[in-house]
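Below is one structure, written out as structure tokens; comments come after it.
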Amino acid sequence: MSVLENQFKMGRELFEINSHVARRMTEITGEGIRQYFETNQEFAKKLSEVRDVTSFLELQREYGQTLYSGVSERLQSRGDVVREAFEKSGEVLRGAFSNEAEAEEKAA
């Protein structure tokens with residue numbers, strides 16, 4: 001494979017990795033927004049059942065924990081996507097440059 005072909009292949013593979021990352025990040029963000037609205041609707045219904053300050057504070061605590069766990073899960077998912085992208089990009093770059101080095105050795 002020529003150096004030019006190798007560079008095109010590397011560019012295409014990196015583009016595919018970036019496209020996948022952008023798609024997954026958009027999906028994760030969409031899931032987060034959907035979950036946020038569902039959580040708010042759920043707790044708004046529970047709010048009408050509150051009769052005293054203690055139950056209101058308990059509901060607030062539960063709401064905060066729910067939001068925190070949702071955000072935490074999405075951040076973990078985003079981190080996993082980024083980590084996977086770095087690993088795949090590293091493999092592509094190592095493969096491209098090792099192929100170039102092999103081609104130069106053969107030419108010499």
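Residues in the structure tokens are named by chain (A, B, ... in the order shown) and by number from 1 within that chain; ligands are numbered from 1 in the order shown.
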
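By only C-alpha atoms, and with residues fewer than 4 positions from A:Leu67 along its chain excluded, the set lying at most 9 Å from it is Tyr36, Thr39, Glu62, Tyr63, Val71 and Ser72 of chain A.
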
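The two atoms in question, atom CA of A:Arg94 and atom CA of A:Thr26, are spaced 28.2 Å apart.
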
Excluding stretch 54-59 of chain A and residues on its chain fewer than 5 positions from it, collect all residues at most 8 Å away from it, counting only C-alpha atoms, and give them as a list in words. Phe43, Lys46 and Leu47 of chain A

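Nearest to A:Gly95 of all the residues A:Gly64, A:Glu38, A:Leu4, A:Met10 is A:Met10, counting only C-alpha atoms.
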
For atom CA of A:Glu13 and atom CA of A:Val92, quote the distance in Å rounded to one decimal. 7.1 Å

Could you tell me which of A:Arg61, A:Arg34, A:Lys88, A:Lys45 comes closest to A:Asn18 if we count only C-alpha atoms? A:Lys88

Neighbours of A:Glu27 within 12 Å (only C-alpha atoms; same-chain residues fewer than 4 positions away dropped), as a ChimeraX atom specification? /A:20-23,31-34,74,77-78,81

Any chance you can output those residues with N, CA and C atoms as a JSON list (two decimals), in the first residue's frame?
```json
[["chain", "number", "residue", "atom", "x", "y", "z"],
["A", 20, "HIS", "N", -18.52, 8.49, 15.18],
["A", 20, "HIS", "CA", -19.12, 7.63, 16.20],
["A", 20, "HIS", "C", -19.18, 8.36, 17.55],
["A", 21, "VAL", "N", -18.10, 9.04, 17.90],
["A", 21, "VAL", "CA", -18.06, 9.78, 19.17],
["A", 21, "VAL", "C", -19.13, 10.86, 19.18],
["A", 22, "ALA", "N", -19.23, 11.62, 18.10],
["A", 22, "ALA", "CA", -20.23, 12.69, 18.04],
["A", 22, "ALA", "C", -21.64, 12.12, 18.16],
["A", 23, "ARG", "N", -21.89, 11.01, 17.49],
["A", 23, "ARG", "CA", -23.22, 10.38, 17.53],
["A", 23, "ARG", "C", -23.54, 9.90, 18.95],
["A", 31, "GLU", "N", -30.54, 11.35, 25.96],
["A", 31, "GLU", "CA", -31.03, 10.50, 27.04],
["A", 31, "GLU", "C", -31.07, 11.27, 28.36],
["A", 32, "GLY", "N", -30.06, 12.09, 28.58],
["A", 32, "GLY", "CA", -30.00, 12.88, 29.81],
["A", 32, "GLY", "C", -31.13, 13.89, 29.89],
["A", 33, "ILE", "N", -31.40, 14.56, 28.79],
["A", 33, "ILE", "CA", -32.49, 15.54, 28.77],
["A", 33, "ILE", "C", -33.83, 14.85, 28.99],
["A", 34, "ARG", "N", -34.02, 13.72, 28.32],
["A", 34, "ARG", "CA", -35.28, 12.98, 28.48],
["A", 34, "ARG", "C", -35.45, 12.54, 29.94],
["A", 74, "ARG", "N", -24.21, 9.60, 33.25],
["A", 74, "ARG", "CA", -23.93, 10.15, 31.92],
["A", 74, "ARG", "C", -22.48, 10.58, 31.79],
["A", 77, "SER", "N", -20.55, 7.49, 31.17],
["A", 77, "SER", "CA", -20.75, 7.03, 29.79],
["A", 77, "SER", "C", -19.93, 7.86, 28.81],
["A", 78, "ARG", "N", -19.92, 9.18, 29.02],
["A", 78, "ARG", "CA", -19.12, 10.05, 28.15],
["A", 78, "ARG", "C", -17.64, 9.72, 28.28],
["A", 81, "VAL", "N", -16.87, 6.63, 26.31],
["A", 81, "VAL", "CA", -16.84, 6.88, 24.87],
["A", 81, "VAL", "C", -15.52, 7.54, 24.48]]
```

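The spacing separating atom CA of A:Gly30 from atom CA of A:Ala85 amounts to 19.9 Å.
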